[in-house]
Structure formats: C-alpha cells, structure tokens
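Right, one structure below, let's go through it.
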2 protein chains.
Amino acid sequence: VAGKSRERMLLSAVQLFRRHGYNGTGFREVVAHSGAPRGSIYHHFPGGKAQLGAEAVTFAGESANAMVLRWLESDGVVAGLEKFWASWTRYIESSDFQDGCPVVGVAAESHPEAPELAAAAANAFELWEATFAAALRRAGITKKQEAHDLALLVISSLEGATVMSRAARDTRPLVRAGRHVARIVRERLAATD
Amino acid sequence: VAGKSRERMLLSAVQLFRRHGYNGTGFREVVAHSGAPRGSIYHHFPGGKAQLGAEAVTFAGESANAMVLRWLESDGVVAGLEKFWASWTRYIESSDFQDGCPVVGVAAESHPEAPELAAAAANAFELWEATFAAALRRAGITKKQEAHDLALLVISSLEGATVMSRAARDTRPLVRAGRHVARIVRERLAATD
C-alpha cells in the first residue's frame, strides 16, 4: 500500500507537470490530486518538492521510453515512429491541448536551487535519444553519430511541435512535423541500402 | 516616459518568462524587475497579468522575427539560419542555461482561463514559420507546402533542442540539431537546382 501511494503521487506530479509545469504545481496540489493523506508526502519524499519532481521526471522518462521501445521493436523504426507519433498526437488532442510533455514542463523552467530537476530531464532526453538511435542503427544507419543526430532531430522536433500544437490548439504542427521527420528517416534508410 | 515604462514592463515580463515560465512569474515581480512604480502596471495593463503576458509574447515574437529576418536577408537562408542559430546558442550558454524561449515559457503551460496567451504564442510560431518559409521560397523551394514544412522543422527542432540544452547544461543538443537542420535545408535547396 505504501508503494501504491508513493506511485500515485508520482503519477499525479507527472500529470500536473504536463499541464502547469513545475513552478505552476504546488506540493500540496500533488497530495490532493493523488488522494493521499497530507502528511504522507513528506514520508515518501523527505527531500520535498524537488525530490518528488526529479523522481516524477525520471518515472515519466522511463515510462515513455518503454512505450516507444515496444513500438520500435514490434513495427520497426519507421512504422514504430509513425505509430508512436500518431498516438502522442491523439493524446494531446484528447486532453483538449491542455496536456504536454511533463519533462518539458519541468525543463522549460530554470531551477538553479534544485539541479536534480534539470539532471533528471537531461537523462530522460538522453534515454529517448539512445533508444531511437539504437533502433536506427539496427535498421541500417550504422554510423553511431549519424544515428544519434537523427534521433535528436526526431525528439527535438517532437517536443517543439508539441508546444506549437498546444499553442495553436490544433494537431497540425504535430502532424506535419511527424510526417516530415518520418520522411527524413525513410530517406536516410533508403540511402544506406 | 509612459511608453518607456510600459515597454520596460514588457521586457521584464519576457525576461522572467524565459527563466521561470508564466506560472512561475508573479505580476508584482514584473513590476519590481522593471523598476516601475507598483500601481502603474494596472494603468498600463488593465487586463492584469494575462494581458501583460499576451503582449509580452507578441513583443518577443516580433522582436525575434525582426532579428531573424535581417539575418536571412543579409546572408541568405542557409548562412542566415546558421548565424541566427549560433547566436541563439551563445545567448543560452551566456545565461548559464537559465534563459530559454519566452514563447515556450508561456506555451508549455496550459492556461484555459486566459486563451489570449496560447493565441499570442501560436501567432509568434506562425510568424516565424512564415518568415523562414518565405526565405526558403526565395532561395528556390517554390512549393509553398514544402517551404512551410521545412520551416516548421527548423522552428520545432530549435525549440525542442533549446529545452534539451538547458536540461543538459550543454550547448551540444543545440549545436548538433542546428548542424543537422542546416544540412537538410542545404540538401533540399541543392535538389531544387
């Protein structure tokens, strides 16, 4: 039960960061959102909001990575990328463009007082880049640097287009960027044949 | 003088949004940062923080656009893009990775109570896309949709890589994404010759 309540707090933090960012999310709001007793958050996160924030970012990064990995492995890098991107786009739309990436929700703000937040976000971005790069290498882009640069293009464009789609309250930036990125990946793979 | 103090408040809001986002920036902090008398902010922005926020985003969007436009016109689309990207990267680094894009600082959060914020951000993104697309079309990418999709790739990747560089406290994501995007633009221009 202790494990459950701790995990519920992490999930609540992720959900609130998606929508309001880290600065816009109060420590107490996380407790209220999770339905946990008020004092229990200090039991689970003695380091306070920064500890909760860093763990929530790590949790979000690893969950997203596991999901992407499944798609890349079952469908290959191009179809996997397209399916993941389409699913992400539907998710953003289904939230009425209120939700975004929780890692960006934390990393788009400066937190010099809590460097563990940026570090957790950097680790999440690196994990995703490594996952895409490994899939690209398996698919034929054998040069490590090239696979990593292409993976970085995918992730940076996804994150930027997500913010743009939320602003426009329209899936088009995400749909167009996704189509373009998939085309580039396809061309690069064709060029290595 | 009234115009000056209004403009100082906008500049202060932009600077605070870069660092803390909209939710992390207090209305009073903007006044304090700008050095204006406390009551005067309601005189200049009777609509409160949301009005100030939307105008600051518009102001930031137009300033960045004017700067990019000068580079694109004086150096052409490839060198202009590279110079702008390098200058932006130096700026982020010189802030010790504390500053980011003020438009993302507002648009990465959800503000259903103040739709003018997302609308201002969407306008800024569209303005930048139109500026890059026009430069690409002048350089030889005559199809409108193709020029716009390439411009969107540039901007989405820039915004995503900015967040990634701040998280990593390292210019590398920005430098690598910029080099990659410039390469893609160069290849597309070569293919239209």
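All residue names refer to the structure tokens as shown: chains lettered A, B, ... in order, residues numbered from 1 in each chain, ligands numbered from 1 in order.
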#### Entry: All residues 8 Å or closer to stretch 67-70 of chain A, only C-alpha atoms, same chain fewer than 5 positions away omitted, as number ranges by chain
A: 80-81, 84, 131
### Task
Would you kindly report the residues of chain A within 7 Å of chain B, using only C-alpha atoms, as a PyMOL selection string?
chain A and resi 19-21+23-24+98+100+104-105+107-110+118-119+121-122+125+149+152-153+156-157+159-161+163-164+167-168+176-177
Fewer than 4 positions away in the same chain doesn't count, so skip those; otherwise give me all residues within 9 Å of A:Glu82, counting only C-alpha atoms, as a short mmCIF file (atom, residue, chain, number, x, y, z; two decimals) with N, CA and C atoms, in the first residue's frame.
data_model
loop_
_atom_site.label_atom_id
_atom_site.label_comp_id
_atom_site.auth_asym_id
_atom_site.auth_seq_id
_atom_site.Cartn_x
_atom_site.Cartn_y
_atom_site.Cartn_z
N VAL A 77 11.56 0.85 -37.17
CA VAL A 77 11.80 2.23 -36.76
C VAL A 77 10.84 3.21 -37.45
N VAL A 78 10.54 3.02 -38.72
CA VAL A 78 9.68 4.00 -39.41
C VAL A 78 8.22 3.88 -38.95
N ALA A 86 1.63 9.35 -33.85
CA ALA A 86 0.18 9.48 -34.01
C ALA A 86 -0.53 9.30 -32.67
N SER A 87 -0.05 8.36 -31.89
CA SER A 87 -0.66 8.11 -30.59
C SER A 87 -0.46 9.31 -29.66
N GLY A 178 5.62 15.41 -37.77
CA GLY A 178 5.78 13.95 -37.73
C GLY A 178 5.94 13.35 -39.12
N ARG A 179 5.14 13.84 -40.06
CA ARG A 179 5.21 13.35 -41.43
C ARG A 179 6.59 13.67 -42.02
N ALA A 182 9.38 11.54 -40.37
CA ALA A 182 9.31 10.15 -40.86
C ALA A 182 9.88 10.06 -42.29
#
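Closest approach to A:Ser40 among A:Thr171, A:Leu10, A:Ser5, A:Lys143 is made by A:Ser5 (distances from only C-alpha atoms).
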### Query
Skipping near chain neighbours, those fewer than 5 positions away, what residues fall within 7 Å of stretch 30-35 of chain B using only C-alpha atoms, listed as a ChimeraX atom specification?
/B:8-9,12-13,41
Okay, now the selection with N, CA, C and O atoms, as a compact mmCIF listing (two decimals), in the first residue's frame?
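Result file part.txt:
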# COMPACT_ATOMS: atom_id res chain seq x y z
N ARG B 8 9.36 48.81 -20.67
CA ARG B 8 10.23 48.15 -19.68
C ARG B 8 9.51 46.98 -19.01
O ARG B 8 10.12 45.94 -18.73
N MET B 9 8.21 47.15 -18.75
CA MET B 9 7.45 46.05 -18.13
C MET B 9 7.34 44.86 -19.08
O MET B 9 7.45 43.71 -18.66
N SER B 12 10.67 43.16 -19.09
CA SER B 12 10.86 42.41 -17.85
C SER B 12 10.06 41.12 -17.87
O SER B 12 10.55 40.06 -17.45
N ALA B 13 8.82 41.21 -18.35
CA ALA B 13 7.98 40.00 -18.44
C ALA B 13 8.65 38.97 -19.34
O ALA B 13 8.74 37.79 -18.99
N ILE B 41 1.45 49.34 -13.15
CA ILE B 41 1.25 48.20 -14.04
C ILE B 41 -0.24 48.03 -14.39
O ILE B 41 -0.57 47.65 -15.50
### Message
Restricting the calculation to only C-alpha atoms: of A:Ala54, A:Ser74, A:Thr142, A:Val175, which residue gets closest to A:Leu189?
### Response
A:Thr142
### Message
Taking only stretch 91-173 of chain B into account, list the residues labelled helix (DSSP H, G or I) by DSSP (computed from the backbone), as an NGL selection string.
### Response
:B and (91-94 or 102-107 or 115-138 or 144-168 or 172-173)
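Taking atom CA of B:Glu187 and atom CA of A:Arg186 as endpoints, the distance between them is 15.2 Å.
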### Message
I want to know what sits within 8 Å of B:Gly76, based on only C-alpha atoms, with residues of the same chain fewer than 4 positions away left out; could you give that as an MDAnalysis selection string?
### Response
chainID B and resid 71:72 80 135 139
Selection from above, N, CA, C and O atoms, as an mmCIF file, in the first residue's frame, can you write it?
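Saved file out-v3.cif follows:
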data_model
loop_
_atom_site.group_PDB
_atom_site.id
_atom_site.type_symbol
_atom_site.label_atom_id
_atom_site.label_comp_id
_atom_site.auth_asym_id
_atom_site.auth_seq_id
_atom_site.Cartn_x
_atom_site.Cartn_y
_atom_site.Cartn_z
ATOM 1 N N TRP B 71 18.972 38.605 -40.623
ATOM 2 C CA TRP B 71 19.991 37.610 -40.960
ATOM 3 C C TRP B 71 19.673 36.894 -42.266
ATOM 4 O O TRP B 71 20.543 36.685 -43.104
ATOM 5 N N LEU B 72 18.405 36.510 -42.419
ATOM 6 C CA LEU B 72 18.019 35.777 -43.636
ATOM 7 C C LEU B 72 18.206 36.646 -44.876
ATOM 8 O O LEU B 72 18.613 36.163 -45.926
ATOM 9 N N GLY B 80 22.188 32.510 -43.021
ATOM 10 C CA GLY B 80 21.371 33.268 -42.079
ATOM 11 C C GLY B 80 20.871 32.376 -40.955
ATOM 12 O O GLY B 80 20.930 32.746 -39.772
ATOM 13 N N ALA B 135 11.740 32.895 -46.928
ATOM 14 C CA ALA B 135 13.162 32.880 -47.280
ATOM 15 C C ALA B 135 13.509 31.616 -48.077
ATOM 16 O O ALA B 135 14.295 31.665 -49.034
ATOM 17 N N ALA B 139 14.787 31.253 -51.979
ATOM 18 C CA ALA B 139 16.033 30.536 -52.273
ATOM 19 C C ALA B 139 15.825 29.383 -53.263
ATOM 20 O O ALA B 139 16.793 28.745 -53.677
#
### Query
How many Å separate atom CA of B:Ala64 from atom CA of B:Ala134?
15.9 Å
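The spacing separating atom CA of A:Ala36 from atom CA of A:Lys4 amounts to 9.9 Å.
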